[in-house]
Amino acid sequence: MKQIKAHIAVSLDGHTATLDQELDWLPDEVKAIIGKYYLDADCLLMGANTYNYIFEHWGGWPHKSKRSFVVSHYDTNVTPDCGVEFLTEEPLQRIYELKQETDILVVGGGKLLTSLIKAGLLDSLTIYTVPVMVGKGIGFIGETLGSLWKFSESGVLDNGVVRSTYLFSGCV
């Protein structure tokens with residue numbers, strides 16, 4: 001079976017973005033590292049909010065050469081000719097099927113990460129903890145009580161960002 005992995009930046013106070021969905025607090029080094037994972041991935045998976053943010057803030061769809069999947073209640077695909085497919089019906093079943101054939105990288109999305117963790121589909125989670133407090137913002141992850149993770153590795157980047165990787169090891 002292939003792997004579903006996530007790389008996500010989180011502020012010291014537990015947010016992935018400000019309330020207005022801005023990421024200007026992220027150091028360029030973190031953006032570059034996570035961006036490289038996006039470039040190297042076979043397949044991308046994201047929630048609708050992340051998809052819309054990328055499309056609106058990056059001037060279109062930058063991942064045209066990648067299979068990309070968006071989990072959403074509604075198909076609002078504005079990039080159908082760019083390899084983007086919306087998963088609106090039984091998305092977790094479809095993600096499980098995709099995982100049988102390809103490695104998948106999750107792009108942002110605390111709600112999506114929470115769903116993947118609850119379903120036991122996320123294999124690896126790398127968190128970049130940025131030493132900044134953004135105040136109010138979009139939370140990192142929802143309730144995932146009972147999921148067990150094994151510490152894999154960590155390191156500190158030049159700007160004080162702590163990178164920690166955890167591997168899913170089961171449920172209580």
# chains A, B, ... in the order shown; residues from 1 in each chain; ligands from 1

call {"tool": "select_by_dssp", "arguments": {"residues": "segment 7-139 of chain A", "states": "alpha helix (DSSP H)", "output": "PyMOL selection string"}}
result
chain A and resi 28-40+48-57+91-99+110-118

call {"tool": "closest_atom_pairs", "arguments": {"of": "segment 53-141 of chain A", "to": "segment 21-40 of chain A", "cutoff": "8 Å", "atoms": "only C-alpha atoms", "output": "Markdown table"}}
result
| residue | atom | partner | partner_atom | distance |
| --- | --- | --- | --- | --- |
| A:Tyr53 | CA | A:Gln21 | CA | 7.9 |
| A:His63 | CA | A:Leu39 | CA | 7.9 |
| A:Leu105 | CA | A:Tyr38 | CA | 7.3 |
| A:Val107 | CA | A:Tyr38 | CA | 7.8 |
| A:Tyr128 | CA | A:Val30 | CA | 7.5 |
| A:Val130 | CA | A:Leu26 | CA | 7.2 |
| A:Val132 | CA | A:Trp25 | CA | 7.5 |
| A:Val134 | CA | A:Trp25 | CA | 7.7 |
| A:Gly137 | CA | A:Gln21 | CA | 7.8 |
| A:Ile138 | CA | A:Gln21 | CA | 7.4 |

call {"tool": "write_last_selection", "arguments": {"atoms": "C-alpha atoms", "output": "mmCIF file, in the first residue's frame"}}
result
data_model
loop_
_atom_site.group_PDB
_atom_site.id
_atom_site.type_symbol
_atom_site.label_atom_id
_atom_site.label_comp_id
_atom_site.auth_asym_id
_atom_site.auth_seq_id
_atom_site.Cartn_x
_atom_site.Cartn_y
_atom_site.Cartn_z
ATOM 1 C CA TYR A 53 -6.890 29.847 -1.777
ATOM 2 C CA HIS A 63 0.140 22.098 -10.346
ATOM 3 C CA LEU A 105 0.605 14.440 -0.389
ATOM 4 C CA VAL A 107 -1.837 20.147 0.915
ATOM 5 C CA TYR A 128 6.802 22.885 10.958
ATOM 6 C CA VAL A 130 6.966 28.498 13.408
ATOM 7 C CA VAL A 132 5.295 33.254 15.918
ATOM 8 C CA VAL A 134 -0.741 34.840 14.975
ATOM 9 C CA GLY A 137 -6.654 32.132 13.149
ATOM 10 C CA ILE A 138 -7.591 28.895 11.471
#

call {"tool": "closest_residue", "arguments": {"among": "A:Thr16, A:Gln100, A:Asn77, A:Thr144", "to": "Gly120 of chain A", "atoms": "only C-alpha atoms"}}
result
A:Thr144

call {"tool": "closest_residue", "arguments": {"among": "A:Thr50, A:Ser68, A:Ser11, A:Thr18", "to": "Thr102 of chain A", "atoms": "only C-alpha atoms"}}
result
A:Ser68

call {"tool": "atom_distance", "arguments": {"atom1": "atom CA of Leu12 of chain A", "atom2": "atom CA of Gly59 of chain A"}}
result
29.2 Å

call {"tool": "residues_around", "arguments": {"residues": "Tyr51 of chain A", "least_positions_apart": "2", "cutoff": "12 Å", "atoms": "only C-alpha atoms", "output": "compact mmCIF listing (two decimals) with N, CA, C and O atoms, in the first residue's frame"}}
result
# COMPACT_ATOMS: atom_id res chain seq x y z
N LEU A 44 -1.65 15.14 -5.39
CA LEU A 44 -1.97 16.10 -4.34
C LEU A 44 -3.42 15.94 -3.90
O LEU A 44 -4.29 15.66 -4.72
N LEU A 45 -3.66 16.14 -2.60
CA LEU A 45 -5.00 16.04 -2.03
C LEU A 45 -5.22 17.24 -1.13
O LEU A 45 -4.36 17.57 -0.31
N MET A 46 -6.36 17.91 -1.28
CA MET A 46 -6.63 19.10 -0.47
C MET A 46 -8.12 19.27 -0.27
O MET A 46 -8.92 18.64 -0.97
N GLY A 47 -8.47 20.14 0.66
CA GLY A 47 -9.85 20.53 0.86
C GLY A 47 -10.20 21.69 -0.06
O GLY A 47 -9.32 22.30 -0.68
N ALA A 48 -11.46 22.01 -0.13
CA ALA A 48 -11.94 23.07 -1.02
C ALA A 48 -11.38 24.43 -0.65
O ALA A 48 -11.06 25.24 -1.54
N ASN A 49 -11.23 24.73 0.65
CA ASN A 49 -10.70 26.04 1.04
C ASN A 49 -9.26 26.21 0.56
O ASN A 49 -8.89 27.29 0.08
N TYR A 53 -7.96 28.94 -2.16
CA TYR A 53 -6.89 29.85 -1.78
C TYR A 53 -5.77 29.81 -2.82
O TYR A 53 -5.30 30.86 -3.27
N ILE A 54 -5.34 28.61 -3.19
CA ILE A 54 -4.25 28.48 -4.17
C ILE A 54 -4.65 29.14 -5.48
O ILE A 54 -3.89 29.92 -6.06
N PHE A 55 -5.84 28.83 -5.97
CA PHE A 55 -6.29 29.38 -7.25
C PHE A 55 -6.36 30.90 -7.21
O PHE A 55 -5.89 31.58 -8.12
N GLU A 56 -6.91 31.46 -6.14
CA GLU A 56 -7.10 32.90 -6.05
C GLU A 56 -5.81 33.67 -5.76
O GLU A 56 -5.62 34.77 -6.26
N HIS A 57 -4.92 33.11 -4.94
CA HIS A 57 -3.73 33.83 -4.52
C HIS A 57 -2.49 33.56 -5.37
O HIS A 57 -1.53 34.31 -5.30
N TRP A 58 -2.51 32.49 -6.13
CA TRP A 58 -1.32 32.14 -6.92
C TRP A 58 -1.55 32.36 -8.41
O TRP A 58 -0.77 31.91 -9.23
N GLY A 60 -4.03 31.29 -10.60
CA GLY A 60 -4.38 30.11 -11.38
C GLY A 60 -3.92 28.84 -10.69
O GLY A 60 -3.61 28.85 -9.51
N TRP A 61 -3.87 27.78 -11.45
CA TRP A 61 -3.51 26.49 -10.87
C TRP A 61 -2.06 26.14 -11.22
O TRP A 61 -1.73 25.89 -12.37
N PRO A 62 -1.17 26.12 -10.21
CA PRO A 62 0.26 25.92 -10.47
C PRO A 62 0.67 24.45 -10.63
O PRO A 62 1.80 24.17 -11.01
N HIS A 63 -0.23 23.52 -10.36
CA HIS A 63 0.14 22.10 -10.35
C HIS A 63 -0.48 21.34 -11.52
O HIS A 63 -1.01 20.25 -11.36
N SER A 68 -4.48 15.95 -9.06
CA SER A 68 -4.88 16.69 -7.86
C SER A 68 -6.33 16.38 -7.55
O SER A 68 -7.17 16.36 -8.45
N PHE A 69 -6.60 16.16 -6.27
CA PHE A 69 -7.95 15.83 -5.82
C PHE A 69 -8.37 16.81 -4.74
O PHE A 69 -7.57 17.15 -3.86
N VAL A 70 -9.62 17.25 -4.82
CA VAL A 70 -10.18 18.20 -3.86
C VAL A 70 -11.38 17.56 -3.19
O VAL A 70 -12.31 17.12 -3.87
N VAL A 71 -11.34 17.48 -1.86
CA VAL A 71 -12.46 16.97 -1.10
C VAL A 71 -13.40 18.14 -0.82
O VAL A 71 -12.98 19.15 -0.26
N SER A 72 -14.65 17.99 -1.24
CA SER A 72 -15.61 19.08 -1.10
C SER A 72 -17.03 18.53 -1.10
O SER A 72 -17.28 17.43 -1.60
N ASP A 75 -19.00 20.34 -6.26
CA ASP A 75 -18.00 20.39 -7.33
C ASP A 75 -17.97 21.82 -7.88
O ASP A 75 -18.82 22.20 -8.67
N THR A 76 -16.99 22.59 -7.42
CA THR A 76 -16.82 23.97 -7.89
C THR A 76 -15.49 24.08 -8.63
O THR A 76 -14.77 25.06 -8.50
N ASN A 77 -15.18 23.06 -9.42
CA ASN A 77 -13.91 22.99 -10.12
C ASN A 77 -13.82 24.05 -11.21
O ASN A 77 -14.56 24.01 -12.19
N VAL A 78 -12.90 24.99 -11.05
CA VAL A 78 -12.67 26.02 -12.06
C VAL A 78 -11.42 25.69 -12.89
O VAL A 78 -11.02 26.48 -13.73
N THR A 79 -10.83 24.52 -12.63
CA THR A 79 -9.62 24.11 -13.36
C THR A 79 -9.75 22.67 -13.87
O THR A 79 -8.83 21.87 -13.70
N VAL A 84 -7.39 18.44 -12.13
CA VAL A 84 -8.03 18.53 -10.82
C VAL A 84 -9.36 17.78 -10.87
O VAL A 84 -10.17 17.98 -11.77
N GLU A 85 -9.57 16.91 -9.87
CA GLU A 85 -10.82 16.17 -9.76
C GLU A 85 -11.41 16.41 -8.38
O GLU A 85 -10.69 16.34 -7.38
N PHE A 86 -12.70 16.70 -8.32
CA PHE A 86 -13.37 16.91 -7.05
C PHE A 86 -13.96 15.60 -6.55
O PHE A 86 -14.57 14.85 -7.32
N VAL A 106 -0.89 15.53 1.17
CA VAL A 106 -1.98 16.41 1.58
C VAL A 106 -1.46 17.84 1.61
O VAL A 106 -0.41 18.12 2.18
N VAL A 107 -2.21 18.74 0.98
CA VAL A 107 -1.84 20.15 0.92
C VAL A 107 -2.77 20.91 1.85
O VAL A 107 -3.95 21.07 1.56
N GLY A 108 -2.23 21.38 2.98
CA GLY A 108 -3.03 22.18 3.92
C GLY A 108 -4.29 21.47 4.38
O GLY A 108 -4.46 20.27 4.18
N GLY A 109 -5.16 22.20 5.00
CA GLY A 109 -6.48 21.71 5.33
C GLY A 109 -6.61 20.96 6.64
O GLY A 109 -6.51 19.74 6.66
N LEU A 112 -9.55 18.49 6.56
CA LEU A 112 -9.22 17.28 5.80
C LEU A 112 -8.26 16.39 6.59
O LEU A 112 -8.46 15.18 6.66

call {"tool": "residues_around", "arguments": {"residues": "Leu116 of chain A", "least_positions_apart": "5", "cutoff": "10 Å", "atoms": "only C-alpha atoms", "output": "JSON, numbers by chain"}}
result
{"A": [4, 92, 95, 96, 106, 110, 111, 121, 122, 123, 144]}

call {"tool": "write_last_selection", "arguments": {"atoms": "N, CA and C atoms", "output": "tab-separated table (two decimals), in the first residue's frame"}}
result
chain	number	residue	atom	x	y	z
A	4	ILE	N	0.06	8.16	2.47
A	4	ILE	CA	-0.50	9.51	2.46
A	4	ILE	C	0.28	10.29	3.50
A	92	LEU	N	-13.71	9.65	1.41
A	92	LEU	CA	-12.74	8.82	2.13
A	92	LEU	C	-12.57	7.45	1.47
A	95	ILE	N	-10.39	8.11	-1.52
A	95	ILE	CA	-9.00	8.33	-1.09
A	95	ILE	C	-8.35	7.00	-0.74
A	96	TYR	N	-9.09	6.12	-0.08
A	96	TYR	CA	-8.57	4.78	0.23
A	96	TYR	C	-8.19	4.05	-1.07
A	106	VAL	N	-0.89	15.53	1.17
A	106	VAL	CA	-1.98	16.41	1.58
A	106	VAL	C	-1.46	17.84	1.61
A	110	GLY	N	-6.82	21.67	7.74
A	110	GLY	CA	-7.01	21.05	9.04
A	110	GLY	C	-8.23	20.14	9.09
A	111	LYS	N	-9.31	20.54	8.44
A	111	LYS	CA	-10.52	19.71	8.41
A	111	LYS	C	-10.23	18.40	7.69
A	121	LEU	N	-6.24	6.97	7.60
A	121	LEU	CA	-5.64	7.02	6.27
A	121	LEU	C	-4.33	7.79	6.20
A	122	LEU	N	-4.08	8.69	7.14
A	122	LEU	CA	-2.84	9.48	7.11
A	122	LEU	C	-1.71	8.67	7.73
A	123	ASP	N	-0.62	8.50	6.97
A	123	ASP	CA	0.50	7.68	7.42
A	123	ASP	C	1.60	8.48	8.10
A	144	THR	N	-9.19	14.47	17.31
A	144	THR	CA	-8.69	13.20	16.78
A	144	THR	C	-8.31	12.26	17.91

call {"tool": "residues_around", "arguments": {"residues": "Leu167 of chain A", "least_positions_apart": "3", "cutoff": "12 Å", "atoms": "only C-alpha atoms", "output": "list of chain:residue names"}}
result
A:Gln3, A:Ile4, A:Lys5, A:Ala6, A:Ile117, A:Gly120, A:Leu121, A:Leu122, A:Asp123, A:Ser124, A:Leu125, A:Thr126, A:Ile127, A:Ser147, A:Leu148, A:Trp149, A:Lys150, A:Phe151, A:Ser152, A:Glu153, A:Ser164, A:Gly170

call {"tool": "select_by_dssp", "arguments": {"residues": "chain A", "states": "strand (DSSP E or B)", "output": "PyMOL selection string"}}
result
chain A and resi 4-11+15-18+43-47+67-71+84-87+104-107+124-130+137-139+147-156+162-171

call {"tool": "atom_distance", "arguments": {"atom1": "atom CA of Pro131 of chain A", "atom2": "atom CA of Thr114 of chain A"}}
result
23.2 Å

call {"tool": "atom_distance", "arguments": {"atom1": "atom CA of Val10 of chain A", "atom2": "atom CA of Phe140 of chain A"}}
result
6.7 Å

call {"tool": "residues_around", "arguments": {"residues": "His73 of chain A", "least_positions_apart": "5", "cutoff": "9 Å", "atoms": "only C-alpha atoms", "output": "list in words"}}
result
Ala48, Leu87, Thr88 and Glu89 of chain A
